Structures are given as C-alpha cells and as structure tokens.
Amino acid sequence: MVVSDSCPDTKLRRVMVRPNRSLSWRQSMVFLGAIAVPLVLVSVVLALKGYWLILPFAGIELAGLFVCLYLVAHAACRCELISIGDSVVTVEKGRDRGRSLEGRGGPEQRAEFARAWVRVEFTGTAGRRYPRRLWIGASGRRVEIGGFLADQEKNELAAELQRLLSA
C-alpha cells in the first residue's frame with residue numbers, strides 16, 4: 001500500500017510504503033481461537049475414548065499455527081518512508097511504530113541522497129517469473145524500495161516518486 005502526503009509549510013513530501021495486511025494481530029488471535037476451540041474439543045473427546053496421543057499433536061498443531069501467524073504479522077509491520085525535501089531525499093526502512101507487535105519501531109536503515117541526482121529505476125524484465133525490483137539512489141549508491149509490493153504497485157510507486165521529484 002502506498003500513501004503519499006505533503007506538508008504545505010515545509011514543502012516536505014512523504015511517501016509511506018507498507019505491505020497489505022489482511023488481518024490485524026487481534027483478528028489473527030480471533031482466528032486462532034476459532035481454530036483452537038473445535039480442535040481442543042475434538043481432541044479431548046477422542047482422548048477420553050482412549051486415543052490420548054491426539055492431545056500432544058493437537059498442541060503442536062496449534063503452536064505451529066501460532067508461530068506462522070506471528071511471523072506473518074511481524075513481517076506485515078514493515079514500513080518504508082521516503083521523504084523528499086528541497087535538497088535531500090531520505091529513505092527510511094524499519095517497523096511502523098504504532099503497528100509493531102513489540103511496541104518498538106522506527107527506522108532500522110536510513111539513506112540520504114542529494115535530490116538533484118536522485119534516480120528511480122527498475123531492474124529485471126516485466127512478465128518474467130521473478131518480480132521486478134525498484135531502486136532509488138544517486139552517485140553509485142542505491143536502496144531497494146517496495147520489495148513487498150506487486151509489480152503494478154511498484155509501477156504506481158515509481159510514477160508517484162518521479163512526479164514528486166520533478167515538482
């Protein structure tokens with residue numbers, strides 16, 4: 001998901017790039033509960049009938065599902081912020097502060113480029129098995145942006161960045 005905004009008083013333009021999220025952490029836990037309740041009920045009934053070995057496997061199944069839900073939710077908290085000022089373009093990658101599971105967030109990686117020399121470019125060819133990669137950079141240094149976006153969203157992001165950089 002690409003969100004663009006601008007600050008009229010400072011002439012700072014920002015583009016926020018986040019992966020699409022189908023479920024929040026709370027909704028993921030509701031889903032886990034909806035799976036867990038019938039699984040535990042069936043497992044207990046079968047354990048009372050003598051099939052006790054089902055209980056540990058049901059627990060392993062639930063633990064595996066929890067780990068998968070946690071990893072997906074953690075990956076969905078990634079965030080990239082591209083700030084375009086009068087003379088500097090800043091790219092910050094990290095976790096969204098308000099959405100990260102641990103309550104921590106902020107930039108983990110930061111790169112600054114002189115605005116006059118910044119280029120937005122693609123690598124790879126469209127229509128191949130592998131997705132195209134979108135880069136922003138200047139003076140021999142570059143940073144990949146939007147690695148989690150689909151090719152169409154990358155095209156829209158590139159067009160938006162070109163528009164903001166040329167303004």
# chains A, B, ... in the order shown; residues from 1 in each chain; ligands from 1
>>> residues_around(residues="Ser43 (chain A)", least_positions_apart="5", cutoff="10 Å", atoms="only C-alpha atoms", output="MDAnalysis selection string")
chainID A and resid 37:38 48:49 51:59
>>> write_last_selection(atoms="N, CA, C and O atoms", output="PDB file, in the first residue's frame")
ATOM      1  N   VAL A  37     -10.622 -23.854  19.510  1.00  0.00           N
ATOM      2  CA  VAL A  37     -11.738 -24.386  20.308  1.00  0.00           C
ATOM      3  C   VAL A  37     -12.255 -25.717  19.754  1.00  0.00           C
ATOM      4  O   VAL A  37     -12.323 -26.706  20.488  1.00  0.00           O
ATOM      5  N   PRO A  38     -12.624 -25.812  18.476  1.00  0.00           N
ATOM      6  CA  PRO A  38     -13.087 -27.114  17.988  1.00  0.00           C
ATOM      7  C   PRO A  38     -11.987 -28.187  18.031  1.00  0.00           C
ATOM      8  O   PRO A  38     -12.265 -29.351  18.333  1.00  0.00           O
ATOM      9  N   LEU A  48     -10.567 -39.011  25.724  1.00  0.00           N
ATOM     10  CA  LEU A  48     -11.382 -39.727  26.701  1.00  0.00           C
ATOM     11  C   LEU A  48     -11.803 -41.099  26.191  1.00  0.00           C
ATOM     12  O   LEU A  48     -12.091 -41.993  26.984  1.00  0.00           O
ATOM     13  N   LYS A  49     -11.838 -41.269  24.882  1.00  0.00           N
ATOM     14  CA  LYS A  49     -12.184 -42.575  24.304  1.00  0.00           C
ATOM     15  C   LYS A  49     -10.961 -43.478  24.190  1.00  0.00           C
ATOM     16  O   LYS A  49     -11.058 -44.594  23.694  1.00  0.00           O
ATOM     17  N   TYR A  51      -7.846 -42.489  22.755  1.00  0.00           N
ATOM     18  CA  TYR A  51      -6.877 -42.029  21.745  1.00  0.00           C
ATOM     19  C   TYR A  51      -6.107 -40.812  22.293  1.00  0.00           C
ATOM     20  O   TYR A  51      -6.140 -39.724  21.747  1.00  0.00           O
ATOM     21  N   TRP A  52      -5.384 -41.006  23.381  1.00  0.00           N
ATOM     22  CA  TRP A  52      -4.738 -39.916  24.094  1.00  0.00           C
ATOM     23  C   TRP A  52      -3.594 -39.270  23.301  1.00  0.00           C
ATOM     24  O   TRP A  52      -3.223 -38.130  23.556  1.00  0.00           O
ATOM     25  N   LEU A  53      -3.064 -39.973  22.340  1.00  0.00           N
ATOM     26  CA  LEU A  53      -1.929 -39.434  21.572  1.00  0.00           C
ATOM     27  C   LEU A  53      -2.329 -38.250  20.689  1.00  0.00           C
ATOM     28  O   LEU A  53      -1.475 -37.509  20.211  1.00  0.00           O
ATOM     29  N   ILE A  54      -3.618 -38.040  20.544  1.00  0.00           N
ATOM     30  CA  ILE A  54      -4.076 -36.910  19.742  1.00  0.00           C
ATOM     31  C   ILE A  54      -3.780 -35.579  20.439  1.00  0.00           C
ATOM     32  O   ILE A  54      -3.496 -34.576  19.772  1.00  0.00           O
ATOM     33  N   LEU A  55      -3.817 -35.544  21.767  1.00  0.00           N
ATOM     34  CA  LEU A  55      -3.628 -34.282  22.501  1.00  0.00           C
ATOM     35  C   LEU A  55      -2.280 -33.604  22.224  1.00  0.00           C
ATOM     36  O   LEU A  55      -2.246 -32.411  21.921  1.00  0.00           O
ATOM     37  N   PRO A  56      -1.145 -34.317  22.318  1.00  0.00           N
ATOM     38  CA  PRO A  56       0.118 -33.609  22.038  1.00  0.00           C
ATOM     39  C   PRO A  56       0.217 -33.123  20.590  1.00  0.00           C
ATOM     40  O   PRO A  56       0.747 -32.031  20.333  1.00  0.00           O
ATOM     41  N   PHE A  57      -0.316 -33.898  19.662  1.00  0.00           N
ATOM     42  CA  PHE A  57      -0.265 -33.473  18.265  1.00  0.00           C
ATOM     43  C   PHE A  57      -1.169 -32.259  18.013  1.00  0.00           C
ATOM     44  O   PHE A  57      -0.830 -31.382  17.216  1.00  0.00           O
ATOM     45  N   ALA A  58      -2.296 -32.199  18.695  1.00  0.00           N
ATOM     46  CA  ALA A  58      -3.164 -31.029  18.581  1.00  0.00           C
ATOM     47  C   ALA A  58      -2.448 -29.802  19.143  1.00  0.00           C
ATOM     48  O   ALA A  58      -2.523 -28.702  18.577  1.00  0.00           O
ATOM     49  N   GLY A  59      -1.732 -29.971  20.247  1.00  0.00           N
ATOM     50  CA  GLY A  59      -0.962 -28.863  20.816  1.00  0.00           C
ATOM     51  C   GLY A  59       0.146 -28.399  19.889  1.00  0.00           C
ATOM     52  O   GLY A  59       0.374 -27.185  19.726  1.00  0.00           O
TER      53      GLY A  59
END
>>> select_by_dssp(residues="chain A", states="helix (DSSP H, G or I)", output="PDB file with N, CA, C and O atoms, in the first residue's frame")
ATOM      1  N   TRP A  25      -3.443  -8.006  14.315  1.00  0.00           N
ATOM      2  CA  TRP A  25      -3.000  -9.005  15.291  1.00  0.00           C
ATOM      3  C   TRP A  25      -4.194  -9.540  16.083  1.00  0.00           C
ATOM      4  O   TRP A  25      -4.293 -10.739  16.327  1.00  0.00           O
ATOM      5  N   ARG A  26      -5.111  -8.665  16.442  1.00  0.00           N
ATOM      6  CA  ARG A  26      -6.294  -9.093  17.194  1.00  0.00           C
ATOM      7  C   ARG A  26      -7.150 -10.060  16.359  1.00  0.00           C
ATOM      8  O   ARG A  26      -7.634 -11.073  16.867  1.00  0.00           O
ATOM      9  N   GLN A  27      -7.355  -9.744  15.086  1.00  0.00           N
ATOM     10  CA  GLN A  27      -8.129 -10.627  14.217  1.00  0.00           C
ATOM     11  C   GLN A  27      -7.422 -11.969  14.029  1.00  0.00           C
ATOM     12  O   GLN A  27      -8.073 -13.012  13.931  1.00  0.00           O
ATOM     13  N   SER A  28      -6.099 -11.953  13.991  1.00  0.00           N
ATOM     14  CA  SER A  28      -5.348 -13.207  13.886  1.00  0.00           C
ATOM     15  C   SER A  28      -5.570 -14.082  15.115  1.00  0.00           C
ATOM     16  O   SER A  28      -5.700 -15.307  15.011  1.00  0.00           O
ATOM     17  N   MET A  29      -5.622 -13.448  16.301  1.00  0.00           N
ATOM     18  CA  MET A  29      -5.844 -14.218  17.522  1.00  0.00           C
ATOM     19  C   MET A  29      -7.282 -14.749  17.591  1.00  0.00           C
ATOM     20  O   MET A  29      -7.519 -15.838  18.105  1.00  0.00           O
ATOM     21  N   VAL A  30      -8.239 -14.001  17.053  1.00  0.00           N
ATOM     22  CA  VAL A  30      -9.617 -14.495  16.983  1.00  0.00           C
ATOM     23  C   VAL A  30      -9.671 -15.707  16.054  1.00  0.00           C
ATOM     24  O   VAL A  30     -10.320 -16.717  16.359  1.00  0.00           O
ATOM     25  N   PHE A  31      -8.971 -15.630  14.927  1.00  0.00           N
ATOM     26  CA  PHE A  31      -8.905 -16.767  14.004  1.00  0.00           C
ATOM     27  C   PHE A  31      -8.274 -17.983  14.689  1.00  0.00           C
ATOM     28  O   PHE A  31      -8.777 -19.100  14.565  1.00  0.00           O
ATOM     29  N   LEU A  32      -7.176 -17.750  15.425  1.00  0.00           N
ATOM     30  CA  LEU A  32      -6.533 -18.854  16.133  1.00  0.00           C
ATOM     31  C   LEU A  32      -7.488 -19.470  17.152  1.00  0.00           C
ATOM     32  O   LEU A  32      -7.567 -20.705  17.276  1.00  0.00           O
ATOM     33  N   GLY A  33      -8.242 -18.631  17.860  1.00  0.00           N
ATOM     34  CA  GLY A  33      -9.220 -19.151  18.817  1.00  0.00           C
ATOM     35  C   GLY A  33     -10.325 -19.942  18.141  1.00  0.00           C
ATOM     36  O   GLY A  33     -10.774 -20.975  18.652  1.00  0.00           O
ATOM     37  N   ALA A  34     -10.763 -19.473  16.968  1.00  0.00           N
ATOM     38  CA  ALA A  34     -11.814 -20.184  16.236  1.00  0.00           C
ATOM     39  C   ALA A  34     -11.330 -21.556  15.759  1.00  0.00           C
ATOM     40  O   ALA A  34     -12.126 -22.481  15.627  1.00  0.00           O
ATOM     41  N   ILE A  35     -10.055 -21.674  15.500  1.00  0.00           N
ATOM     42  CA  ILE A  35      -9.490 -22.979  15.123  1.00  0.00           C
ATOM     43  C   ILE A  35      -9.232 -23.821  16.367  1.00  0.00           C
ATOM     44  O   ILE A  35      -9.458 -25.040  16.374  1.00  0.00           O
ATOM     45  N   ALA A  36      -8.765 -23.180  17.442  1.00  0.00           N
ATOM     46  CA  ALA A  36      -8.348 -23.907  18.638  1.00  0.00           C
ATOM     47  C   ALA A  36      -9.515 -24.552  19.388  1.00  0.00           C
ATOM     48  O   ALA A  36      -9.393 -25.687  19.858  1.00  0.00           O
ATOM     49  N   VAL A  37     -10.622 -23.854  19.510  1.00  0.00           N
ATOM     50  CA  VAL A  37     -11.738 -24.386  20.308  1.00  0.00           C
ATOM     51  C   VAL A  37     -12.255 -25.717  19.754  1.00  0.00           C
ATOM     52  O   VAL A  37     -12.323 -26.706  20.488  1.00  0.00           O
ATOM     53  N   PRO A  38     -12.624 -25.812  18.476  1.00  0.00           N
ATOM     54  CA  PRO A  38     -13.087 -27.114  17.988  1.00  0.00           C
ATOM     55  C   PRO A  38     -11.987 -28.187  18.031  1.00  0.00           C
ATOM     56  O   PRO A  38     -12.265 -29.351  18.333  1.00  0.00           O
ATOM     57  N   LEU A  39     -10.744 -27.783  17.762  1.00  0.00           N
ATOM     58  CA  LEU A  39      -9.646 -28.755  17.785  1.00  0.00           C
ATOM     59  C   LEU A  39      -9.457 -29.338  19.178  1.00  0.00           C
ATOM     60  O   LEU A  39      -9.313 -30.553  19.340  1.00  0.00           O
ATOM     61  N   VAL A  40      -9.481 -28.476  20.186  1.00  0.00           N
ATOM     62  CA  VAL A  40      -9.312 -28.955  21.566  1.00  0.00           C
ATOM     63  C   VAL A  40     -10.505 -29.810  21.985  1.00  0.00           C
ATOM     64  O   VAL A  40     -10.331 -30.854  22.625  1.00  0.00           O
ATOM     65  N   LEU A  41     -11.720 -29.396  21.628  1.00  0.00           N
ATOM     66  CA  LEU A  41     -12.897 -30.190  21.998  1.00  0.00           C
ATOM     67  C   LEU A  41     -12.850 -31.588  21.386  1.00  0.00           C
ATOM     68  O   LEU A  41     -13.083 -32.591  22.071  1.00  0.00           O
ATOM     69  N   VAL A  42     -12.547 -31.664  20.111  1.00  0.00           N
ATOM     70  CA  VAL A  42     -12.470 -32.964  19.441  1.00  0.00           C
ATOM     71  C   VAL A  42     -11.331 -33.793  20.028  1.00  0.00           C
ATOM     72  O   VAL A  42     -11.472 -35.006  20.264  1.00  0.00           O
ATOM     73  N   SER A  43     -10.201 -33.157  20.314  1.00  0.00           N
ATOM     74  CA  SER A  43      -9.053 -33.873  20.873  1.00  0.00           C
ATOM     75  C   SER A  43      -9.354 -34.427  22.257  1.00  0.00           C
ATOM     76  O   SER A  43      -8.982 -35.563  22.573  1.00  0.00           O
ATOM     77  N   VAL A  44     -10.042 -33.660  23.089  1.00  0.00           N
ATOM     78  CA  VAL A  44     -10.385 -34.125  24.437  1.00  0.00           C
ATOM     79  C   VAL A  44     -11.376 -35.276  24.369  1.00  0.00           C
ATOM     80  O   VAL A  44     -11.235 -36.281  25.081  1.00  0.00           O
ATOM     81  N   VAL A  45     -12.362 -35.163  23.497  1.00  0.00           N
ATOM     82  CA  VAL A  45     -13.335 -36.253  23.353  1.00  0.00           C
ATOM     83  C   VAL A  45     -12.640 -37.533  22.908  1.00  0.00           C
ATOM     84  O   VAL A  45     -12.886 -38.618  23.451  1.00  0.00           O
ATOM     85  N   LEU A  46     -11.769 -37.415  21.923  1.00  0.00           N
ATOM     86  CA  LEU A  46     -11.053 -38.607  21.454  1.00  0.00           C
ATOM     87  C   LEU A  46     -10.081 -39.131  22.508  1.00  0.00           C
ATOM     88  O   LEU A  46      -9.872 -40.348  22.616  1.00  0.00           O
ATOM     89  N   ALA A  47      -9.454 -38.230  23.287  1.00  0.00           N
ATOM     90  CA  ALA A  47      -8.556 -38.665  24.351  1.00  0.00           C
ATOM     91  C   ALA A  47      -9.326 -39.432  25.419  1.00  0.00           C
ATOM     92  O   ALA A  47      -8.822 -40.425  25.971  1.00  0.00           O
ATOM     93  N   LEU A  48     -10.567 -39.011  25.724  1.00  0.00           N
ATOM     94  CA  LEU A  48     -11.382 -39.727  26.701  1.00  0.00           C
ATOM     95  C   LEU A  48     -11.803 -41.099  26.191  1.00  0.00           C
ATOM     96  O   LEU A  48     -12.091 -41.993  26.984  1.00  0.00           O
ATOM     97  N   ILE A  54      -3.618 -38.040  20.544  1.00  0.00           N
ATOM     98  CA  ILE A  54      -4.076 -36.910  19.742  1.00  0.00           C
ATOM     99  C   ILE A  54      -3.780 -35.579  20.439  1.00  0.00           C
ATOM    100  O   ILE A  54      -3.496 -34.576  19.772  1.00  0.00           O
ATOM    101  N   LEU A  55      -3.817 -35.544  21.767  1.00  0.00           N
ATOM    102  CA  LEU A  55      -3.628 -34.282  22.501  1.00  0.00           C
ATOM    103  C   LEU A  55      -2.280 -33.604  22.224  1.00  0.00           C
ATOM    104  O   LEU A  55      -2.246 -32.411  21.921  1.00  0.00           O
ATOM    105  N   PRO A  56      -1.145 -34.317  22.318  1.00  0.00           N
ATOM    106  CA  PRO A  56       0.118 -33.609  22.038  1.00  0.00           C
ATOM    107  C   PRO A  56       0.217 -33.123  20.590  1.00  0.00           C
ATOM    108  O   PRO A  56       0.747 -32.031  20.333  1.00  0.00           O
ATOM    109  N   PHE A  57      -0.316 -33.898  19.662  1.00  0.00           N
ATOM    110  CA  PHE A  57      -0.265 -33.473  18.265  1.00  0.00           C
ATOM    111  C   PHE A  57      -1.169 -32.259  18.013  1.00  0.00           C
ATOM    112  O   PHE A  57      -0.830 -31.382  17.216  1.00  0.00           O
ATOM    113  N   ALA A  58      -2.296 -32.199  18.695  1.00  0.00           N
ATOM    114  CA  ALA A  58      -3.164 -31.029  18.581  1.00  0.00           C
ATOM    115  C   ALA A  58      -2.448 -29.802  19.143  1.00  0.00           C
ATOM    116  O   ALA A  58      -2.523 -28.702  18.577  1.00  0.00           O
ATOM    117  N   GLY A  59      -1.732 -29.971  20.247  1.00  0.00           N
ATOM    118  CA  GLY A  59      -0.962 -28.863  20.816  1.00  0.00           C
ATOM    119  C   GLY A  59       0.146 -28.399  19.889  1.00  0.00           C
ATOM    120  O   GLY A  59       0.374 -27.185  19.726  1.00  0.00           O
ATOM    121  N   ILE A  60       0.839 -29.351  19.268  1.00  0.00           N
ATOM    122  CA  ILE A  60       1.898 -28.998  18.314  1.00  0.00           C
ATOM    123  C   ILE A  60       1.299 -28.262  17.119  1.00  0.00           C
ATOM    124  O   ILE A  60       1.870 -27.287  16.620  1.00  0.00           O
ATOM    125  N   GLU A  61       0.149 -28.708  16.668  1.00  0.00           N
ATOM    126  CA  GLU A  61      -0.538 -28.047  15.554  1.00  0.00           C
ATOM    127  C   GLU A  61      -0.884 -26.596  15.886  1.00  0.00           C
ATOM    128  O   GLU A  61      -0.641 -25.683  15.088  1.00  0.00           O
ATOM    129  N   LEU A  62      -1.444 -26.389  17.079  1.00  0.00           N
ATOM    130  CA  LEU A  62      -1.798 -25.029  17.492  1.00  0.00           C
ATOM    131  C   LEU A  62      -0.559 -24.153  17.666  1.00  0.00           C
ATOM    132  O   LEU A  62      -0.561 -22.978  17.298  1.00  0.00           O
ATOM    133  N   ALA A  63       0.499 -24.718  18.225  1.00  0.00           N
ATOM    134  CA  ALA A  63       1.741 -23.950  18.385  1.00  0.00           C
ATOM    135  C   ALA A  63       2.320 -23.569  17.024  1.00  0.00           C
ATOM    136  O   ALA A  63       2.773 -22.429  16.829  1.00  0.00           O
ATOM    137  N   GLY A  64       2.290 -24.500  16.080  1.00  0.00           N
ATOM    138  CA  GLY A  64       2.777 -24.196  14.732  1.00  0.00           C
ATOM    139  C   GLY A  64       1.954 -23.114  14.055  1.00  0.00           C
ATOM    140  O   GLY A  64       2.495 -22.219  13.401  1.00  0.00           O
ATOM    141  N   LEU A  65       0.634 -23.172  14.212  1.00  0.00           N
ATOM    142  CA  LEU A  65      -0.235 -22.146  13.631  1.00  0.00           C
ATOM    143  C   LEU A  65       0.030 -20.791  14.270  1.00  0.00           C
ATOM    144  O   LEU A  65       0.087 -19.765  13.572  1.00  0.00           O
ATOM    145  N   PHE A  66       0.250 -20.766  15.600  1.00  0.00           N
ATOM    146  CA  PHE A  66       0.557 -19.511  16.276  1.00  0.00           C
ATOM    147  C   PHE A  66       1.865 -18.920  15.756  1.00  0.00           C
ATOM    148  O   PHE A  66       1.953 -17.716  15.500  1.00  0.00           O
ATOM    149  N   VAL A  67       2.882 -19.738  15.611  1.00  0.00           N
ATOM    150  CA  VAL A  67       4.180 -19.257  15.111  1.00  0.00           C
ATOM    151  C   VAL A  67       4.015 -18.670  13.706  1.00  0.00           C
ATOM    152  O   VAL A  67       4.547 -17.592  13.397  1.00  0.00           O
ATOM    153  N   CYS A  68       3.271 -19.355  12.849  1.00  0.00           N
ATOM    154  CA  CYS A  68       3.053 -18.851  11.483  1.00  0.00           C
ATOM    155  C   CYS A  68       2.306 -17.519  11.496  1.00  0.00           C
ATOM    156  O   CYS A  68       2.682 -16.582  10.779  1.00  0.00           O
ATOM    157  N   LEU A  69       1.265 -17.404  12.311  1.00  0.00           N
ATOM    158  CA  LEU A  69       0.514 -16.150  12.404  1.00  0.00           C
ATOM    159  C   LEU A  69       1.394 -15.023  12.935  1.00  0.00           C
ATOM    160  O   LEU A  69       1.338 -13.892  12.462  1.00  0.00           O
ATOM    161  N   TYR A  70       2.250 -15.333  13.910  1.00  0.00           N
ATOM    162  CA  TYR A  70       3.141 -14.323  14.461  1.00  0.00           C
ATOM    163  C   TYR A  70       4.146 -13.842  13.406  1.00  0.00           C
ATOM    164  O   TYR A  70       4.370 -12.643  13.263  1.00  0.00           O
ATOM    165  N   LEU A  71       4.736 -14.765  12.666  1.00  0.00           N
ATOM    166  CA  LEU A  71       5.717 -14.384  11.652  1.00  0.00           C
ATOM    167  C   LEU A  71       5.093 -13.531  10.546  1.00  0.00           C
ATOM    168  O   LEU A  71       5.692 -12.556  10.087  1.00  0.00           O
ATOM    169  N   VAL A  72       3.885 -13.879  10.137  1.00  0.00           N
ATOM    170  CA  VAL A  72       3.205 -13.097   9.106  1.00  0.00           C
ATOM    171  C   VAL A  72       2.863 -11.703   9.635  1.00  0.00           C
ATOM    172  O   VAL A  72       3.071 -10.694   8.954  1.00  0.00           O
ATOM    173  N   ALA A  73       2.361 -11.617  10.866  1.00  0.00           N
ATOM    174  CA  ALA A  73       2.016 -10.319  11.444  1.00  0.00           C
ATOM    175  C   ALA A  73       3.267  -9.465  11.649  1.00  0.00           C
ATOM    176  O   ALA A  73       3.249  -8.254  11.439  1.00  0.00           O
ATOM    177  N   HIS A  74       4.363 -10.096  12.051  1.00  0.00           N
ATOM    178  CA  HIS A  74       5.617  -9.369  12.250  1.00  0.00           C
ATOM    179  C   HIS A  74       6.142  -8.821  10.926  1.00  0.00           C
ATOM    180  O   HIS A  74       6.598  -7.676  10.853  1.00  0.00           O
ATOM    181  N   ALA A  75       6.064  -9.615   9.874  1.00  0.00           N
ATOM    182  CA  ALA A  75       6.531  -9.168   8.557  1.00  0.00           C
ATOM    183  C   ALA A  75       5.635  -8.063   7.997  1.00  0.00           C
ATOM    184  O   ALA A  75       6.104  -7.203   7.246  1.00  0.00           O
ATOM    185  N   ARG A 115      18.953  15.494  -3.784  1.00  0.00           N
ATOM    186  CA  ARG A 115      17.753  15.431  -4.619  1.00  0.00           C
ATOM    187  C   ARG A 115      18.058  15.658  -6.097  1.00  0.00           C
ATOM    188  O   ARG A 115      17.431  15.056  -6.965  1.00  0.00           O
ATOM    189  N   ALA A 116      19.005  16.509  -6.387  1.00  0.00           N
ATOM    190  CA  ALA A 116      19.299  16.826  -7.783  1.00  0.00           C
ATOM    191  C   ALA A 116      19.802  15.616  -8.568  1.00  0.00           C
ATOM    192  O   ALA A 116      19.683  15.570  -9.788  1.00  0.00           O
ATOM    193  N   TRP A 117      20.354  14.622  -7.874  1.00  0.00           N
ATOM    194  CA  TRP A 117      20.956  13.468  -8.552  1.00  0.00           C
ATOM    195  C   TRP A 117      20.151  12.186  -8.398  1.00  0.00           C
ATOM    196  O   TRP A 117      20.552  11.141  -8.907  1.00  0.00           O
ATOM    197  N   ASP A 151       4.077  -5.942  -8.851  1.00  0.00           N
ATOM    198  CA  ASP A 151       4.660  -5.150  -9.940  1.00  0.00           C
ATOM    199  C   ASP A 151       3.810  -3.933 -10.298  1.00  0.00           C
ATOM    200  O   ASP A 151       4.345  -2.852 -10.563  1.00  0.00           O
ATOM    201  N   GLN A 152       2.507  -4.072 -10.306  1.00  0.00           N
ATOM    202  CA  GLN A 152       1.645  -2.935 -10.626  1.00  0.00           C
ATOM    203  C   GLN A 152       1.785  -1.829  -9.573  1.00  0.00           C
ATOM    204  O   GLN A 152       1.855  -0.650  -9.900  1.00  0.00           O
ATOM    205  N   GLU A 153       1.856  -2.204  -8.301  1.00  0.00           N
ATOM    206  CA  GLU A 153       2.039  -1.218  -7.243  1.00  0.00           C
ATOM    207  C   GLU A 153       3.412  -0.565  -7.331  1.00  0.00           C
ATOM    208  O   GLU A 153       3.567   0.620  -7.038  1.00  0.00           O
ATOM    209  N   LYS A 154       4.418  -1.333  -7.749  1.00  0.00           N
ATOM    210  CA  LYS A 154       5.755  -0.758  -7.939  1.00  0.00           C
ATOM    211  C   LYS A 154       5.742   0.268  -9.067  1.00  0.00           C
ATOM    212  O   LYS A 154       6.396   1.314  -8.963  1.00  0.00           O
ATOM    213  N   ASN A 155       5.010  -0.020 -10.142  1.00  0.00           N
ATOM    214  CA  ASN A 155       4.894   0.948 -11.235  1.00  0.00           C
ATOM    215  C   ASN A 155       4.239   2.238 -10.754  1.00  0.00           C
ATOM    216  O   ASN A 155       4.684   3.336 -11.092  1.00  0.00           O
ATOM    217  N   GLU A 156       3.175   2.107  -9.953  1.00  0.00           N
ATOM    218  CA  GLU A 156       2.494   3.281  -9.416  1.00  0.00           C
ATOM    219  C   GLU A 156       3.414   4.057  -8.470  1.00  0.00           C
ATOM    220  O   GLU A 156       3.436   5.293  -8.496  1.00  0.00           O
ATOM    221  N   LEU A 157       4.169   3.346  -7.653  1.00  0.00           N
ATOM    222  CA  LEU A 157       5.109   3.997  -6.742  1.00  0.00           C
ATOM    223  C   LEU A 157       6.194   4.741  -7.518  1.00  0.00           C
ATOM    224  O   LEU A 157       6.528   5.887  -7.195  1.00  0.00           O
ATOM    225  N   ALA A 158       6.721   4.114  -8.557  1.00  0.00           N
ATOM    226  CA  ALA A 158       7.753   4.762  -9.375  1.00  0.00           C
ATOM    227  C   ALA A 158       7.205   6.018 -10.039  1.00  0.00           C
ATOM    228  O   ALA A 158       7.872   7.067 -10.056  1.00  0.00           O
ATOM    229  N   ALA A 159       5.995   5.960 -10.550  1.00  0.00           N
ATOM    230  CA  ALA A 159       5.386   7.133 -11.180  1.00  0.00           C
ATOM    231  C   ALA A 159       5.165   8.242 -10.167  1.00  0.00           C
ATOM    232  O   ALA A 159       5.421   9.427 -10.458  1.00  0.00           O
ATOM    233  N   GLU A 160       4.710   7.891  -8.971  1.00  0.00           N
ATOM    234  CA  GLU A 160       4.497   8.884  -7.919  1.00  0.00           C
ATOM    235  C   GLU A 160       5.819   9.529  -7.503  1.00  0.00           C
ATOM    236  O   GLU A 160       5.905  10.749  -7.331  1.00  0.00           O
ATOM    237  N   LEU A 161       6.857   8.736  -7.352  1.00  0.00           N
ATOM    238  CA  LEU A 161       8.157   9.290  -6.981  1.00  0.00           C
ATOM    239  C   LEU A 161       8.709  10.197  -8.076  1.00  0.00           C
ATOM    240  O   LEU A 161       9.256  11.269  -7.782  1.00  0.00           O
ATOM    241  N   GLN A 162       8.556   9.776  -9.340  1.00  0.00           N
ATOM    242  CA  GLN A 162       9.024  10.624 -10.443  1.00  0.00           C
ATOM    243  C   GLN A 162       8.271  11.954 -10.447  1.00  0.00           C
ATOM    244  O   GLN A 162       8.862  13.012 -10.668  1.00  0.00           O
ATOM    245  N   ARG A 163       6.969  11.911 -10.185  1.00  0.00           N
ATOM    246  CA  ARG A 163       6.166  13.121 -10.155  1.00  0.00           C
ATOM    247  C   ARG A 163       6.618  14.044  -9.036  1.00  0.00           C
ATOM    248  O   ARG A 163       6.779  15.247  -9.217  1.00  0.00           O
ATOM    249  N   LEU A 164       6.857  13.463  -7.835  1.00  0.00           N
ATOM    250  CA  LEU A 164       7.271  14.284  -6.699  1.00  0.00           C
ATOM    251  C   LEU A 164       8.682  14.842  -6.870  1.00  0.00           C
ATOM    252  O   LEU A 164       8.968  15.966  -6.441  1.00  0.00           O
ATOM    253  N   LEU A 165       9.559  14.062  -7.476  1.00  0.00           N
ATOM    254  CA  LEU A 165      10.936  14.523  -7.673  1.00  0.00           C
ATOM    255  C   LEU A 165      11.025  15.617  -8.734  1.00  0.00           C
ATOM    256  O   LEU A 165      11.869  16.511  -8.632  1.00  0.00           O
ATOM    257  N   SER A 166      10.162  15.572  -9.732  1.00  0.00           N
ATOM    258  CA  SER A 166      10.213  16.573 -10.793  1.00  0.00           C
ATOM    259  C   SER A 166       9.493  17.862 -10.418  1.00  0.00           C
ATOM    260  O   SER A 166       9.699  18.882 -11.053  1.00  0.00           O
TER     261      SER A 166
END
>>> closest_residue(among="A:Leu149, A:Leu81, A:Leu23, A:Met1", to="Lys93 (chain A)", atoms="only C-alpha atoms")
A:Leu81
>>> residues_around(residues="Ser4 (chain A)", least_positions_apart="6", cutoff="9 Å", atoms="only C-alpha atoms", output="number ranges by chain")
A: 13-17, 160
>>> residues_around(residues="Glu121 (chain A)", least_positions_apart="5", cutoff="10 Å", atoms="only C-alpha atoms", output="PyMOL selection string")
chain A and resi 133-137+142+144+158+162
>>> residues_around(residues="Arg110 (chain A)", least_positions_apart="2", cutoff="10 Å", atoms="only C-alpha atoms", output="list in words")
Glu80, Leu81, Ile82, Thr90, Val91, Glu92, Lys93, Gly94, Pro107, Glu108, Glu112 and Val143 of chain A
>>> closest_residue(among="A:Ala167, A:Val88, A:Val118, A:Arg95", to="Gly140 (chain A)", atoms="only C-alpha atoms")
A:Val118
>>> atom_distance(atom1="CA of Pro19 (chain A)", atom2="CA of Ser139 (chain A)")
28.5 Å
>>> atom_distance(atom1="CA of Ala111 (chain A)", atom2="CA of Ala150 (chain A)")
23.3 Å
>>> select_by_dssp(residues="chain A", states="strand (DSSP E)", output="PyMOL selection string")
chain A and resi 2-7+12-17+78-84+88-95+106-114+119-123+133-138+141-145
>>> atom_distance(atom1="CA of Pro131 (chain A)", atom2="CA of Ala76 (chain A)")
18.8 Å
>>> closest_residue(among="A:Arg18, A:Arg78, A:Arg132, A:Lys11", to="Gln109 (chain A)", atoms="only C-alpha atoms")
A:Arg78
